[in-house]
Amino acid sequence: LLDSVVEKYQVKTDDILDFGCGHGRVARHLRLAFPHSRLSFSDIDDSGWQFCASEFNGMGFPSAPEFSELKIPGKYDLIWLGSVFTHLDWDRSVQLLTQLASSLKPQGVVVATVRGKACYETMVNNPGRFNIGGYYDQLLNEYKKSGFGYMDYKDFKDWGQHLINPANLSKLAKDSNSQLLEVVEQGWANIHDVAVFSASE
C-alpha cells in the first residue's frame, strides 16, 4: 500500500515517521520496505518508541496525551498512522492532523487508517461480538445519521472507537489545514479504510 502511495504521489522517502508505532507491528515492515530511509517512531508508551528506535535503527520521541502539547521534531516525507485516528473523537483528530500536516516536507503525505463503512457493517451484522449489550448503539446511530460517530471505551476517557465516511474525512482535512488526496476503502487488513492527506497548498 505505501509503495503505491509513494509512486502515485511521487513522495520522497528520506524521512519517515511511524506515529503510534507500538512495539513495531508496522515498523519492521517499514524498515524492510525502505532500507535506506531515516525512520522515526513515536508512541504514548515510551517503551514502544524506544524499542522501535533501537530495534529498527531509527530515532524516536514521545507522544503526548494532549496533542496540543505534542512536540514533533523535524519534518517528514511520509507519516504513517496505523489505527490511531480510529480511537479519537473529532476535536482530538483535528488537533493531531493539524500537527502532523504542519510537520510534512513539501510533497509529503500523511497516510492513516480509519474505521469506515466496512467496520460499521461488521458491528451491525455481529452485535454479539462487537456491540455487546448495545453499548455502541449511539456510535452506530451517529455514523448512520451524519457519517461520523465516536464513543469512549467503557473504561477509558478520550480513547474509544470512531466511524467516519469519506465526506467527513474531507471535512477533517479542511478543519486541519490539510487536503484529502484519496480514500482507499478496506485498504488495510481488508477492514480499515486508508486516508491519504497532504498539507494545504
# chains A, B, ... in the order shown; residues from 1 in each chain; ligands from 1
call {"tool": "select_by_dssp", "arguments": {"residues": "chain A", "states": "helix (DSSP H, G or I)", "output": "PyMOL selection string"}}
result
chain A and resi 2-8+27-33+46-55+67-69+85-87+90-101+117-125+127-130+132-134+137-146+166-175
call {"tool": "residues_around", "arguments": {"residues": "stretch 139-143 of chain A", "least_positions_apart": "2", "cutoff": "12 Å", "atoms": "only C-alpha atoms", "output": "number ranges by chain"}}
result
A: 89, 115-117, 119-125, 127, 130-131, 134-137, 145-153, 160-168
call {"tool": "closest_atom_pairs", "arguments": {"of": "stretch 46-127 of chain A", "to": "stretch 10-16 of chain A", "cutoff": "9 Å", "atoms": "only C-alpha atoms", "output": "CSV"}}
result
residue,atom,partner,partner_atom,distance
A:Lys75,CA,A:Asp15,CA,7.6
A:Tyr76,CA,A:Asp15,CA,5.0
A:Asp77,CA,A:Asp15,CA,5.4
A:Leu78,CA,A:Ile16,CA,4.9
A:Ile79,CA,A:Ile16,CA,5.8
A:Trp80,CA,A:Ile16,CA,7.7
A:Gln107,CA,A:Val11,CA,6.2
A:Gly108,CA,A:Val11,CA,6.0
A:Val109,CA,A:Val11,CA,7.4
call {"tool": "write_last_selection", "arguments": {"atoms": "C-alpha atoms", "output": "mmCIF file, in the first residue's frame"}}
result
data_model
loop_
_atom_site.group_PDB
_atom_site.id
_atom_site.type_symbol
_atom_site.label_atom_id
_atom_site.label_comp_id
_atom_site.auth_asym_id
_atom_site.auth_seq_id
_atom_site.Cartn_x
_atom_site.Cartn_y
_atom_site.Cartn_z
ATOM 1 C CA LYS A 75 9.885 17.368 9.003
ATOM 2 C CA TYR A 76 8.876 14.167 7.230
ATOM 3 C CA ASP A 77 8.173 12.955 3.721
ATOM 4 C CA LEU A 78 5.795 10.254 4.899
ATOM 5 C CA ILE A 79 3.905 9.926 8.183
ATOM 6 C CA TRP A 80 2.127 6.635 8.838
ATOM 7 C CA GLN A 107 5.005 16.913 -1.336
ATOM 8 C CA GLY A 108 4.867 14.898 1.868
ATOM 9 C CA VAL A 109 1.841 12.844 2.887
#
call {"tool": "residues_around", "arguments": {"residues": "A:Asp91", "least_positions_apart": "6", "cutoff": "10 Å", "atoms": "only C-alpha atoms", "output": "list in words"}}
result
Leu172, Asp175 and Ser176 of chain A
call {"tool": "write_last_selection", "arguments": {"atoms": "N, CA, C and O atoms", "output": "PDB file, in the first residue's frame"}}
result
ATOM      1  N   LEU A 172     -12.570  16.747   7.850  1.00  0.00           N
ATOM      2  CA  LEU A 172     -11.457  16.668   8.787  1.00  0.00           C
ATOM      3  C   LEU A 172     -10.214  17.326   8.205  1.00  0.00           C
ATOM      4  O   LEU A 172      -9.504  18.069   8.897  1.00  0.00           O
ATOM      5  N   ASP A 175     -10.683  21.151   8.245  1.00  0.00           N
ATOM      6  CA  ASP A 175     -10.563  21.699   9.597  1.00  0.00           C
ATOM      7  C   ASP A 175      -9.128  21.619  10.124  1.00  0.00           C
ATOM      8  O   ASP A 175      -8.791  22.290  11.099  1.00  0.00           O
ATOM      9  N   SER A 176      -8.294  20.801   9.478  1.00  0.00           N
ATOM     10  CA  SER A 176      -6.917  20.575   9.943  1.00  0.00           C
ATOM     11  C   SER A 176      -5.874  21.217   9.054  1.00  0.00           C
ATOM     12  O   SER A 176      -4.691  20.878   9.138  1.00  0.00           O
TER      13      SER A 176
END
call {"tool": "select_by_dssp", "arguments": {"residues": "stretch 92-173 of chain A", "states": "strand (DSSP E or B)", "output": "list in words"}}
result
Leu104, Lys105, Pro106, Gln107, Gly108, Val109, Val110, Val111, Ala112, Thr113, Val114, Phe148, Gly149, Tyr150, Met151, Asp152, Gly160, Gln161, His162, Leu163 and Ile164 of chain A
call {"tool": "residues_around", "arguments": {"residues": "A:Val94", "least_positions_apart": "2", "cutoff": "10 Å", "atoms": "only C-alpha atoms", "output": "VMD selection string"}}
result
chain A and resid 67 85 88 to 92 96 to 100 171 to 177
call {"tool": "closest_residue", "arguments": {"among": "A:Ala195, A:Ile72, A:Leu39, A:Leu181", "to": "A:Leu17", "atoms": "only C-alpha atoms"}}
result
A:Leu39
call {"tool": "atom_distance", "arguments": {"atom1": "atom CA of A:Leu169", "atom2": "atom CA of A:Ser42"}}
result
23.3 Å
call {"tool": "closest_residue", "arguments": {"among": "A:Phe51, A:Leu81, A:His87, A:Gln95", "to": "A:Glu69", "atoms": "only C-alpha atoms"}}
result
A:Gln95
call {"tool": "atom_distance", "arguments": {"atom1": "atom CA of A:Val5", "atom2": "atom CA of A:Trp188"}}
result
13.1 Å
call {"tool": "closest_residue", "arguments": {"among": "A:Ala64, A:Val194, A:Leu104, A:Ile44", "to": "A:Gly82", "atoms": "only C-alpha atoms"}}
result
A:Val194
